[in-house]
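Here's run_26.pdb, which has PDB, C-alpha atoms, pLDDT in the B column:
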```pdb
MODEL        1
ATOM      1  CA  MET A 117     -33.144  10.455  -8.828  1.00 49.00           C
ATOM      2  CA  SER A 118     -31.386   7.082  -8.624  1.00 50.00           C
ATOM      3  CA  ASP A 119     -30.255   5.439  -5.425  1.00 55.00           C
ATOM      4  CA  ALA A 120     -26.588   4.813  -4.529  1.00 53.00           C
ATOM      5  CA  ARG A 121     -26.631   1.280  -5.910  1.00 54.00           C
ATOM      6  CA  ASP A 122     -27.778   2.502  -9.343  1.00 63.00           C
ATOM      7  CA  PHE A 123     -25.091   5.185  -9.265  1.00 70.00           C
ATOM      8  CA  SER A 124     -22.469   2.568  -8.399  1.00 68.00           C
ATOM      9  CA  ARG A 125     -23.602   0.511 -11.363  1.00 70.00           C
ATOM     10  CA  GLU A 126     -22.970   3.480 -13.649  1.00 72.00           C
ATOM     11  CA  LEU A 127     -19.495   4.128 -12.259  1.00 71.00           C
ATOM     12  CA  TYR A 128     -18.397   0.512 -11.853  1.00 70.00           C
ATOM     13  CA  PRO A 129     -20.338  -1.675 -14.303  1.00 70.00           C
ATOM     14  CA  PHE A 130     -17.679  -4.411 -14.142  1.00 66.00           C
ATOM     15  CA  LEU A 131     -18.651  -5.022 -10.503  1.00 68.00           C
ATOM     16  CA  TYR A 132     -22.217  -5.801 -11.533  1.00 67.00           C
ATOM     17  CA  PRO A 133     -22.088  -8.526 -14.177  1.00 62.00           C
ATOM     18  CA  SER A 134     -25.308  -9.388 -15.969  1.00 62.00           C
ATOM     19  CA  SER A 135     -25.226 -12.935 -14.622  1.00 53.00           C
ATOM     20  CA  PRO A 136     -27.811 -13.285 -11.796  1.00 51.00           C
ATOM     21  CA  SER A 137     -25.481 -15.674  -9.950  1.00 48.00           C
ATOM     22  CA  MET A 138     -22.940 -12.855  -9.586  1.00 49.00           C
ATOM     23  CA  SER A 139     -25.259  -9.957  -8.850  1.00 52.00           C
ATOM     24  CA  PRO A 140     -24.985  -7.999  -5.573  1.00 53.00           C
ATOM     25  CA  GLY A 141     -27.178  -9.481  -2.912  1.00 56.00           C
ATOM     26  CA  GLY A 142     -26.926 -12.870  -4.574  1.00 57.00           C
ATOM     27  CA  GLY A 143     -25.361 -14.498  -1.529  1.00 62.00           C
ATOM     28  CA  GLU A 144     -21.929 -15.768  -0.637  1.00 69.00           C
ATOM     29  CA  ALA A 145     -21.569 -17.774  -3.869  1.00 69.00           C
ATOM     30  CA  SER A 146     -22.069 -14.661  -6.007  1.00 80.00           C
ATOM     31  CA  ARG A 147     -19.672 -12.695  -3.791  1.00 79.00           C
ATOM     32  CA  SER A 148     -17.055 -15.399  -4.160  1.00 85.00           C
ATOM     33  CA  ALA A 149     -17.588 -15.536  -7.946  1.00 84.00           C
ATOM     34  CA  LEU A 150     -17.262 -11.754  -8.165  1.00 82.00           C
ATOM     35  CA  ILE A 151     -14.050 -11.760  -6.116  1.00 86.00           C
ATOM     36  CA  ASP A 152     -12.660 -14.553  -8.317  1.00 88.00           C
ATOM     37  CA  ALA A 153     -13.532 -12.582 -11.460  1.00 86.00           C
ATOM     38  CA  VAL A 154     -11.905  -9.397 -10.143  1.00 86.00           C
ATOM     39  CA  LYS A 155      -8.825 -11.374  -9.037  1.00 91.00           C
ATOM     40  CA  ARG A 156      -8.553 -13.041 -12.451  1.00 92.00           C
ATOM     41  CA  SER A 157      -8.938  -9.691 -14.225  1.00 90.00           C
ATOM     42  CA  THR A 158      -6.306  -8.090 -11.974  1.00 92.00           C
ATOM     43  CA  MET A 159      -3.827 -10.915 -12.575  1.00 95.00           C
ATOM     44  CA  GLU A 160      -4.386 -10.672 -16.350  1.00 94.00           C
ATOM     45  CA  LYS A 161      -3.742  -6.918 -16.213  1.00 94.00           C
ATOM     46  CA  CYS A 162      -0.537  -7.494 -14.206  1.00 95.00           C
ATOM     47  CA  ALA A 163       0.648 -10.094 -16.723  1.00 96.00           C
ATOM     48  CA  ASP A 164      -0.110  -7.755 -19.643  1.00 95.00           C
ATOM     49  CA  THR A 165       1.689  -4.861 -17.957  1.00 95.00           C
ATOM     50  CA  THR A 166       4.736  -6.989 -17.120  1.00 96.00           C
ATOM     51  CA  SER A 167       4.899  -8.335 -20.660  1.00 97.00           C
ATOM     52  CA  LEU A 168       4.648  -4.852 -22.166  1.00 96.00           C
ATOM     53  CA  ARG A 169       7.372  -3.522 -19.861  1.00 95.00           C
ATOM     54  CA  ARG A 170       9.691  -6.392 -20.805  1.00 97.00           C
ATOM     55  CA  GLU A 171       9.073  -5.796 -24.513  1.00 97.00           C
ATOM     56  CA  LEU A 172       9.721  -2.053 -24.185  1.00 96.00           C
ATOM     57  CA  LEU A 173      12.875  -2.649 -22.148  1.00 95.00           C
ATOM     58  CA  ALA A 174      14.220  -5.081 -24.745  1.00 97.00           C
ATOM     59  CA  GLU A 175      13.451  -2.678 -27.593  1.00 98.00           C
ATOM     60  CA  TYR A 176      14.607   0.546 -25.938  1.00 98.00           C
ATOM     61  CA  VAL A 177      17.353  -0.573 -23.541  1.00 97.00           C
ATOM     62  CA  ASP A 178      19.988   1.668 -25.155  1.00 97.00           C
ATOM     63  CA  GLU A 179      17.739   4.736 -25.129  1.00 97.00           C
ATOM     64  CA  LEU A 180      16.750   4.103 -21.499  1.00 96.00           C
ATOM     65  CA  ARG A 181      20.393   3.740 -20.437  1.00 97.00           C
ATOM     66  CA  GLY A 182      21.252   6.938 -22.290  1.00 98.00           C
ATOM     67  CA  ALA A 183      18.417   8.829 -20.608  1.00 96.00           C
ATOM     68  CA  ALA A 184      19.396   7.466 -17.191  1.00 96.00           C
ATOM     69  CA  GLY A 185      23.010   8.525 -17.756  1.00 97.00           C
ATOM     70  CA  ALA A 186      21.950  12.015 -18.839  1.00 97.00           C
ATOM     71  CA  MET A 187      19.715  12.322 -15.788  1.00 97.00           C
ATOM     72  CA  ALA A 188      22.535  11.204 -13.484  1.00 97.00           C
ATOM     73  CA  GLU A 189      24.805  13.872 -15.008  1.00 97.00           C
ATOM     74  CA  ARG A 190      22.154  16.535 -14.411  1.00 97.00           C
ATOM     75  CA  PHE A 191      21.666  15.505 -10.787  1.00 98.00           C
ATOM     76  CA  GLU A 192      25.451  15.566 -10.266  1.00 97.00           C
ATOM     77  CA  ARG A 193      25.501  19.140 -11.626  1.00 97.00           C
ATOM     78  CA  GLY A 194      22.864  20.165  -9.086  1.00 97.00           C
ATOM     79  CA  GLY A 195      19.825  19.779 -11.289  1.00 98.00           C
ATOM     80  CA  LYS A 196      16.375  18.743 -10.192  1.00 98.00           C
ATOM     81  CA  LEU A 197      13.622  16.690 -11.790  1.00 98.00           C
ATOM     82  CA  LEU A 198      10.589  18.650 -12.998  1.00 98.00           C
ATOM     83  CA  ALA A 199       7.997  15.950 -13.672  1.00 98.00           C
ATOM     84  CA  PHE A 200       4.611  16.487 -15.298  1.00 97.00           C
ATOM     85  CA  GLY A 201       1.756  14.839 -17.128  1.00 96.00           C
ATOM     86  CA  ASN A 202      -2.021  14.802 -17.383  1.00 93.00           C
ATOM     87  CA  GLY A 203      -4.419  12.105 -16.262  1.00 92.00           C
ATOM     88  CA  GLY A 204      -2.635   8.853 -15.479  1.00 93.00           C
ATOM     89  CA  SER A 205       0.651  10.420 -16.564  1.00 95.00           C
ATOM     90  CA  ALA A 206       0.275  12.970 -13.762  1.00 96.00           C
ATOM     91  CA  THR A 207       0.157  10.046 -11.351  1.00 96.00           C
ATOM     92  CA  ASP A 208       3.292   8.614 -13.004  1.00 96.00           C
ATOM     93  CA  ALA A 209       4.981  12.009 -12.607  1.00 97.00           C
ATOM     94  CA  ASP A 210       4.049  12.101  -8.916  1.00 97.00           C
ATOM     95  CA  ASP A 211       5.428   8.568  -8.516  1.00 97.00           C
ATOM     96  CA  ALA A 212       8.737   9.513 -10.188  1.00 97.00           C
ATOM     97  CA  VAL A 213       9.045  12.503  -7.854  1.00 98.00           C
ATOM     98  CA  MET A 214       8.347  10.365  -4.780  1.00 97.00           C
ATOM     99  CA  ASP A 215      10.977   7.849  -5.928  1.00 97.00           C
ATOM    100  CA  CYS A 216      13.459  10.740  -6.003  1.00 98.00           C
ATOM    101  CA  LEU A 217      12.436  12.289  -2.685  1.00 98.00           C
ATOM    102  CA  ALA A 218      12.003   9.003  -0.795  1.00 97.00           C
ATOM    103  CA  PRO A 219      14.119   6.440  -2.693  1.00 96.00           C
ATOM    104  CA  PRO A 220      12.620   2.945  -2.785  1.00 94.00           C
ATOM    105  CA  VAL A 221      16.007   1.290  -2.177  1.00 96.00           C
ATOM    106  CA  ALA A 222      17.841   1.537   1.154  1.00 96.00           C
ATOM    107  CA  GLY A 223      21.062   3.504   0.813  1.00 96.00           C
ATOM    108  CA  TRP A 224      20.040   5.498  -2.242  1.00 95.00           C
ATOM    109  CA  ARG A 225      20.290   9.224  -1.675  1.00 96.00           C
ATOM    110  CA  PRO A 226      17.255  11.445  -2.131  1.00 98.00           C
ATOM    111  CA  LEU A 227      17.271  13.624  -5.235  1.00 98.00           C
ATOM    112  CA  PRO A 228      15.587  17.010  -5.731  1.00 98.00           C
ATOM    113  CA  ALA A 229      12.319  16.722  -7.635  1.00 98.00           C
ATOM    114  CA  VAL A 230       9.063  18.632  -8.130  1.00 98.00           C
ATOM    115  CA  SER A 231       5.730  17.446  -9.541  1.00 98.00           C
ATOM    116  CA  LEU A 232       4.402  20.232 -11.732  1.00 97.00           C
ATOM    117  CA  SER A 233       1.106  18.375 -12.108  1.00 96.00           C
ATOM    118  CA  ALA A 234       0.522  18.489  -8.351  1.00 95.00           C
ATOM    119  CA  ASP A 235       0.395  22.304  -8.287  1.00 94.00           C
ATOM    120  CA  SER A 236      -3.343  22.482  -8.926  1.00 93.00           C
ATOM    121  CA  ALA A 237      -3.610  26.257  -8.428  1.00 95.00           C
ATOM    122  CA  THR A 238      -0.983  26.996 -11.067  1.00 94.00           C
ATOM    123  CA  VAL A 239      -2.218  24.292 -13.452  1.00 95.00           C
ATOM    124  CA  THR A 240      -5.803  25.549 -13.375  1.00 95.00           C
ATOM    125  CA  ALA A 241      -4.882  29.256 -13.432  1.00 96.00           C
ATOM    126  CA  VAL A 242      -2.568  28.953 -16.440  1.00 95.00           C
ATOM    127  CA  ALA A 243      -4.999  26.625 -18.230  1.00 94.00           C
ATOM    128  CA  ASN A 244      -7.825  29.108 -17.690  1.00 95.00           C
ATOM    129  CA  ASP A 245      -5.928  32.363 -18.335  1.00 96.00           C
ATOM    130  CA  VAL A 246      -3.402  31.340 -20.997  1.00 94.00           C
ATOM    131  CA  GLY A 247      -4.323  27.914 -22.331  1.00 94.00           C
ATOM    132  CA  LEU A 248      -3.865  24.285 -21.475  1.00 91.00           C
ATOM    133  CA  GLU A 249      -0.956  23.910 -23.900  1.00 92.00           C
ATOM    134  CA  SER A 250       1.068  26.400 -21.824  1.00 94.00           C
ATOM    135  CA  VAL A 251       0.580  24.925 -18.342  1.00 93.00           C
ATOM    136  CA  PHE A 252       3.818  23.004 -17.969  1.00 96.00           C
ATOM    137  CA  VAL A 253       5.904  25.301 -20.182  1.00 95.00           C
ATOM    138  CA  ARG A 254       5.098  28.237 -17.910  1.00 94.00           C
ATOM    139  CA  GLN A 255       6.081  26.221 -14.837  1.00 96.00           C
ATOM    140  CA  ILE A 256       9.347  25.059 -16.395  1.00 97.00           C
ATOM    141  CA  ILE A 257      10.228  28.632 -17.380  1.00 95.00           C
ATOM    142  CA  ALA A 258       9.520  29.834 -13.839  1.00 94.00           C
ATOM    143  CA  LEU A 259      11.129  26.970 -11.900  1.00 96.00           C
ATOM    144  CA  GLY A 260      13.691  25.449 -14.236  1.00 97.00           C
ATOM    145  CA  ASP A 261      17.438  25.913 -14.522  1.00 96.00           C
ATOM    146  CA  ARG A 262      19.840  24.721 -17.228  1.00 94.00           C
ATOM    147  CA  ALA A 263      20.858  21.627 -15.261  1.00 95.00           C
ATOM    148  CA  ASP A 264      17.268  20.535 -14.580  1.00 98.00           C
ATOM    149  CA  ILE A 265      15.454  17.610 -16.138  1.00 98.00           C
ATOM    150  CA  ALA A 266      12.006  18.044 -17.695  1.00 97.00           C
ATOM    151  CA  PHE A 267      10.322  14.661 -17.371  1.00 96.00           C
ATOM    152  CA  GLY A 268       6.962  14.246 -19.071  1.00 94.00           C
TER     153      GLY A 268
ENDMDL
END
```
Whole structure given in structure tokens:
Amino acid sequence: MSDARDFSRELYPFLYPSSPSMSPGGGEASRSALIDAVKRSTMEKCADTTSLRRELLAEYVDELRGAAGAMAERFERGGKLLAFGNGGSATDADDAVMDCLAPPVAGWRPLPAVSLSADSATVTAVANDVGLESVFVRQIIALGDRADIAFG
């Protein structure tokens, strides 16, 4: 059986570069080099994400405005947001729900929203008993109304 350090290397190989000068236990210089590398990688990821978001906004601005308008109409008619996704998209769904329930801008009113992904008992029961492809459909049928928004 491997020790915790070996296990960490399997889970987080990017924290253990092959360079001896940056290996754990290599002193303050290696720690500083590792922190610099992680910082650089994080900043590159932020730049890539920002660039991609700008490109998508420029390309799909009309569709995004249309979707936002349709959502606003649904909320005005008493609808709620039913958000869902798997993996990282489940996290995005949870984030969208939190933005509705606890708006990030002062003065914005809270909006009704539910994260279907967060209901682990229902997700796992339907996936096991009926099939993964039916998980969110079953929840929307049970919880949804005509004015609601399905957001996946």
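Note that the spacing between CA of Asp211 in chain A and CA of Ile257 in chain A amounts to 22.5 Å.
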(message) With distances taken over all atoms listed in the file, which residue among A:Gly268, A:Gly195, A:Gly185, A:Gly223 lies nearest Phe252 in chain A?
(response)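 Distance minimum relative to Phe252 in chain A lands on A:Gly268.
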(message) Which residues are near Arg254 in chain A? Cut-off 12 Å, only C-alpha atoms, ignore same chain within fewer than 2 positions. Put them as a list of chain:residue names.
(response)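 My reading of the contact set: A:Leu232, A:Thr238, A:Val239, A:Ala241, A:Val242, A:Ala243, A:Asp245, A:Val246, A:Gly247, A:Leu248, A:Glu249, A:Ser250, A:Val251, A:Phe252, A:Ile256, A:Ile257, A:Ala258, A:Leu259, A:Gly260.
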(request) Write out as number ranges by chain which residues come within 12 Å of Asp261 in chain A when counting only C-alpha atoms, dropping same-chain ones fewer than 4 positions away. (result) A: 190-191, 193-198, 255-257, 265-266
(message) Report, in Å to a single decimal, how far apart CA of Val213 in chain A and CA of Leu227 in chain A are.
(response)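 Calculated distance between CA of Leu227 in chain A and CA of Val213 in chain A is 8.7 Å.
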(message) Residues near Ala206 in chain A, anyone? I mean within 9 Å using only C-alpha atoms, not counting same-chain ones fewer than 3 positions away, as a list in words.
(response) Ala199, Phe200, Gly201, Asn202, Gly203, Ala209, Asp210, Asp211, Ser231, Leu232, Ser233, Ala234 and Gly268 of chain A
Export of prior selection with C-alpha atoms as a CSV table (one decimal), in the frame of the given file:
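Saved as result-v4.csv:
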```csv
chain,number,residue,atom,x,y,z
A,199,ALA,CA,8.0,16.0,-13.7
A,200,PHE,CA,4.6,16.5,-15.3
A,201,GLY,CA,1.8,14.8,-17.1
A,202,ASN,CA,-2.0,14.8,-17.4
A,203,GLY,CA,-4.4,12.1,-16.3
A,209,ALA,CA,5.0,12.0,-12.6
A,210,ASP,CA,4.0,12.1,-8.9
A,211,ASP,CA,5.4,8.6,-8.5
A,231,SER,CA,5.7,17.4,-9.5
A,232,LEU,CA,4.4,20.2,-11.7
A,233,SER,CA,1.1,18.4,-12.1
A,234,ALA,CA,0.5,18.5,-8.4
A,268,GLY,CA,7.0,14.2,-19.1
```
(request) Have a look at CA of Ala153 in chain A and CA of Pro129 in chain A and let me know their distance in Å, one decimal. (result) 13.2 Å
File output, range 177-207 of chain A (N, CA and C atoms) as a PDB file, in the first residue's frame:
```pdb
ATOM      1  N   VAL A 177     -24.612  37.013 -29.074  1.00  0.00           N
ATOM      2  CA  VAL A 177     -25.252  38.076 -28.297  1.00  0.00           C
ATOM      3  C   VAL A 177     -26.767  38.114 -28.526  1.00  0.00           C
ATOM      4  N   ASP A 178     -27.216  37.948 -29.748  1.00  0.00           N
ATOM      5  CA  ASP A 178     -28.654  38.004 -30.025  1.00  0.00           C
ATOM      6  C   ASP A 178     -29.390  36.833 -29.379  1.00  0.00           C
ATOM      7  N   GLU A 179     -28.809  35.641 -29.472  1.00  0.00           N
ATOM      8  CA  GLU A 179     -29.439  34.470 -28.857  1.00  0.00           C
ATOM      9  C   GLU A 179     -29.483  34.605 -27.332  1.00  0.00           C
ATOM     10  N   LEU A 180     -28.405  35.123 -26.745  1.00  0.00           N
ATOM     11  CA  LEU A 180     -28.362  35.302 -25.292  1.00  0.00           C
ATOM     12  C   LEU A 180     -29.392  36.327 -24.834  1.00  0.00           C
ATOM     13  N   ARG A 181     -29.516  37.423 -25.569  1.00  0.00           N
ATOM     14  CA  ARG A 181     -30.539  38.431 -25.230  1.00  0.00           C
ATOM     15  C   ARG A 181     -31.940  37.843 -25.348  1.00  0.00           C
ATOM     16  N   GLY A 182     -32.160  37.063 -26.395  1.00  0.00           N
ATOM     17  CA  GLY A 182     -33.466  36.423 -26.571  1.00  0.00           C
ATOM     18  C   GLY A 182     -33.784  35.471 -25.430  1.00  0.00           C
ATOM     19  N   ALA A 183     -32.801  34.675 -25.032  1.00  0.00           N
ATOM     20  CA  ALA A 183     -33.008  33.739 -23.919  1.00  0.00           C
ATOM     21  C   ALA A 183     -33.259  34.495 -22.624  1.00  0.00           C
ATOM     22  N   ALA A 184     -32.506  35.564 -22.394  1.00  0.00           N
ATOM     23  CA  ALA A 184     -32.698  36.358 -21.174  1.00  0.00           C
ATOM     24  C   ALA A 184     -34.087  36.983 -21.154  1.00  0.00           C
ATOM     25  N   GLY A 185     -34.537  37.476 -22.289  1.00  0.00           N
ATOM     26  CA  GLY A 185     -35.888  38.056 -22.372  1.00  0.00           C
ATOM     27  C   GLY A 185     -36.966  37.015 -22.109  1.00  0.00           C
ATOM     28  N   ALA A 186     -36.790  35.827 -22.684  1.00  0.00           N
ATOM     29  CA  ALA A 186     -37.765  34.747 -22.462  1.00  0.00           C
ATOM     30  C   ALA A 186     -37.787  34.332 -20.995  1.00  0.00           C
ATOM     31  N   MET A 187     -36.611  34.274 -20.378  1.00  0.00           N
ATOM     32  CA  MET A 187     -36.548  33.922 -18.964  1.00  0.00           C
ATOM     33  C   MET A 187     -37.231  34.990 -18.114  1.00  0.00           C
ATOM     34  N   ALA A 188     -36.998  36.245 -18.425  1.00  0.00           N
ATOM     35  CA  ALA A 188     -37.631  37.337 -17.672  1.00  0.00           C
ATOM     36  C   ALA A 188     -39.153  37.242 -17.773  1.00  0.00           C
ATOM     37  N   GLU A 189     -39.649  36.942 -18.964  1.00  0.00           N
ATOM     38  CA  GLU A 189     -41.110  36.764 -19.143  1.00  0.00           C
ATOM     39  C   GLU A 189     -41.626  35.633 -18.268  1.00  0.00           C
ATOM     40  N   ARG A 190     -40.909  34.533 -18.219  1.00  0.00           N
ATOM     41  CA  ARG A 190     -41.333  33.381 -17.415  1.00  0.00           C
ATOM     42  C   ARG A 190     -41.349  33.717 -15.924  1.00  0.00           C
ATOM     43  N   PHE A 191     -40.322  34.414 -15.469  1.00  0.00           N
ATOM     44  CA  PHE A 191     -40.296  34.818 -14.054  1.00  0.00           C
ATOM     45  C   PHE A 191     -41.459  35.760 -13.755  1.00  0.00           C
ATOM     46  N   GLU A 192     -41.749  36.673 -14.661  1.00  0.00           N
ATOM     47  CA  GLU A 192     -42.874  37.609 -14.458  1.00  0.00           C
ATOM     48  C   GLU A 192     -44.212  36.872 -14.387  1.00  0.00           C
ATOM     49  N   ARG A 193     -44.317  35.744 -15.082  1.00  0.00           N
ATOM     50  CA  ARG A 193     -45.549  34.943 -15.062  1.00  0.00           C
ATOM     51  C   ARG A 193     -45.580  33.973 -13.891  1.00  0.00           C
ATOM     52  N   GLY A 194     -44.605  34.077 -12.991  1.00  0.00           N
ATOM     53  CA  GLY A 194     -44.592  33.218 -11.811  1.00  0.00           C
ATOM     54  C   GLY A 194     -43.784  31.950 -11.970  1.00  0.00           C
ATOM     55  N   GLY A 195     -43.041  31.836 -13.021  1.00  0.00           N
ATOM     56  CA  GLY A 195     -42.243  30.638 -13.250  1.00  0.00           C
ATOM     57  C   GLY A 195     -41.006  30.581 -12.367  1.00  0.00           C
ATOM     58  N   LYS A 196     -40.425  29.413 -12.334  1.00  0.00           N
ATOM     59  CA  LYS A 196     -39.186  29.206 -11.580  1.00  0.00           C
ATOM     60  C   LYS A 196     -38.148  28.571 -12.491  1.00  0.00           C
ATOM     61  N   LEU A 197     -36.900  28.683 -12.100  1.00  0.00           N
ATOM     62  CA  LEU A 197     -35.798  28.079 -12.840  1.00  0.00           C
ATOM     63  C   LEU A 197     -35.570  26.672 -12.316  1.00  0.00           C
ATOM     64  N   LEU A 198     -35.559  25.698 -13.206  1.00  0.00           N
ATOM     65  CA  LEU A 198     -35.215  24.316 -12.874  1.00  0.00           C
ATOM     66  C   LEU A 198     -33.894  24.039 -13.582  1.00  0.00           C
ATOM     67  N   ALA A 199     -32.801  24.121 -12.845  1.00  0.00           N
ATOM     68  CA  ALA A 199     -31.466  24.002 -13.422  1.00  0.00           C
ATOM     69  C   ALA A 199     -30.900  22.608 -13.182  1.00  0.00           C
ATOM     70  N   PHE A 200     -30.141  22.114 -14.163  1.00  0.00           N
ATOM     71  CA  PHE A 200     -29.582  20.768 -14.048  1.00  0.00           C
ATOM     72  C   PHE A 200     -28.354  20.608 -14.927  1.00  0.00           C
ATOM     73  N   GLY A 201     -27.596  19.574 -14.639  1.00  0.00           N
ATOM     74  CA  GLY A 201     -26.422  19.238 -15.424  1.00  0.00           C
ATOM     75  C   GLY A 201     -25.673  18.132 -14.719  1.00  0.00           C
ATOM     76  N   ASN A 202     -24.701  17.536 -15.407  1.00  0.00           N
ATOM     77  CA  ASN A 202     -23.871  16.520 -14.765  1.00  0.00           C
ATOM     78  C   ASN A 202     -22.426  17.000 -14.731  1.00  0.00           C
ATOM     79  N   GLY A 203     -21.682  16.490 -13.782  1.00  0.00           N
ATOM     80  CA  GLY A 203     -20.280  16.897 -13.652  1.00  0.00           C
ATOM     81  C   GLY A 203     -20.144  18.385 -13.383  1.00  0.00           C
ATOM     82  N   GLY A 204     -19.272  19.031 -14.132  1.00  0.00           N
ATOM     83  CA  GLY A 204     -19.059  20.471 -13.975  1.00  0.00           C
ATOM     84  C   GLY A 204     -20.305  21.272 -14.288  1.00  0.00           C
ATOM     85  N   SER A 205     -21.152  20.755 -15.169  1.00  0.00           N
ATOM     86  CA  SER A 205     -22.402  21.452 -15.490  1.00  0.00           C
ATOM     87  C   SER A 205     -23.373  21.435 -14.316  1.00  0.00           C
ATOM     88  N   ALA A 206     -23.275  20.443 -13.450  1.00  0.00           N
ATOM     89  CA  ALA A 206     -24.093  20.429 -12.235  1.00  0.00           C
ATOM     90  C   ALA A 206     -23.674  21.582 -11.329  1.00  0.00           C
ATOM     91  N   THR A 207     -22.377  21.830 -11.269  1.00  0.00           N
ATOM     92  CA  THR A 207     -21.873  22.959 -10.488  1.00  0.00           C
ATOM     93  C   THR A 207     -22.357  24.270 -11.090  1.00  0.00           C
TER      94      THR A 207
END
```
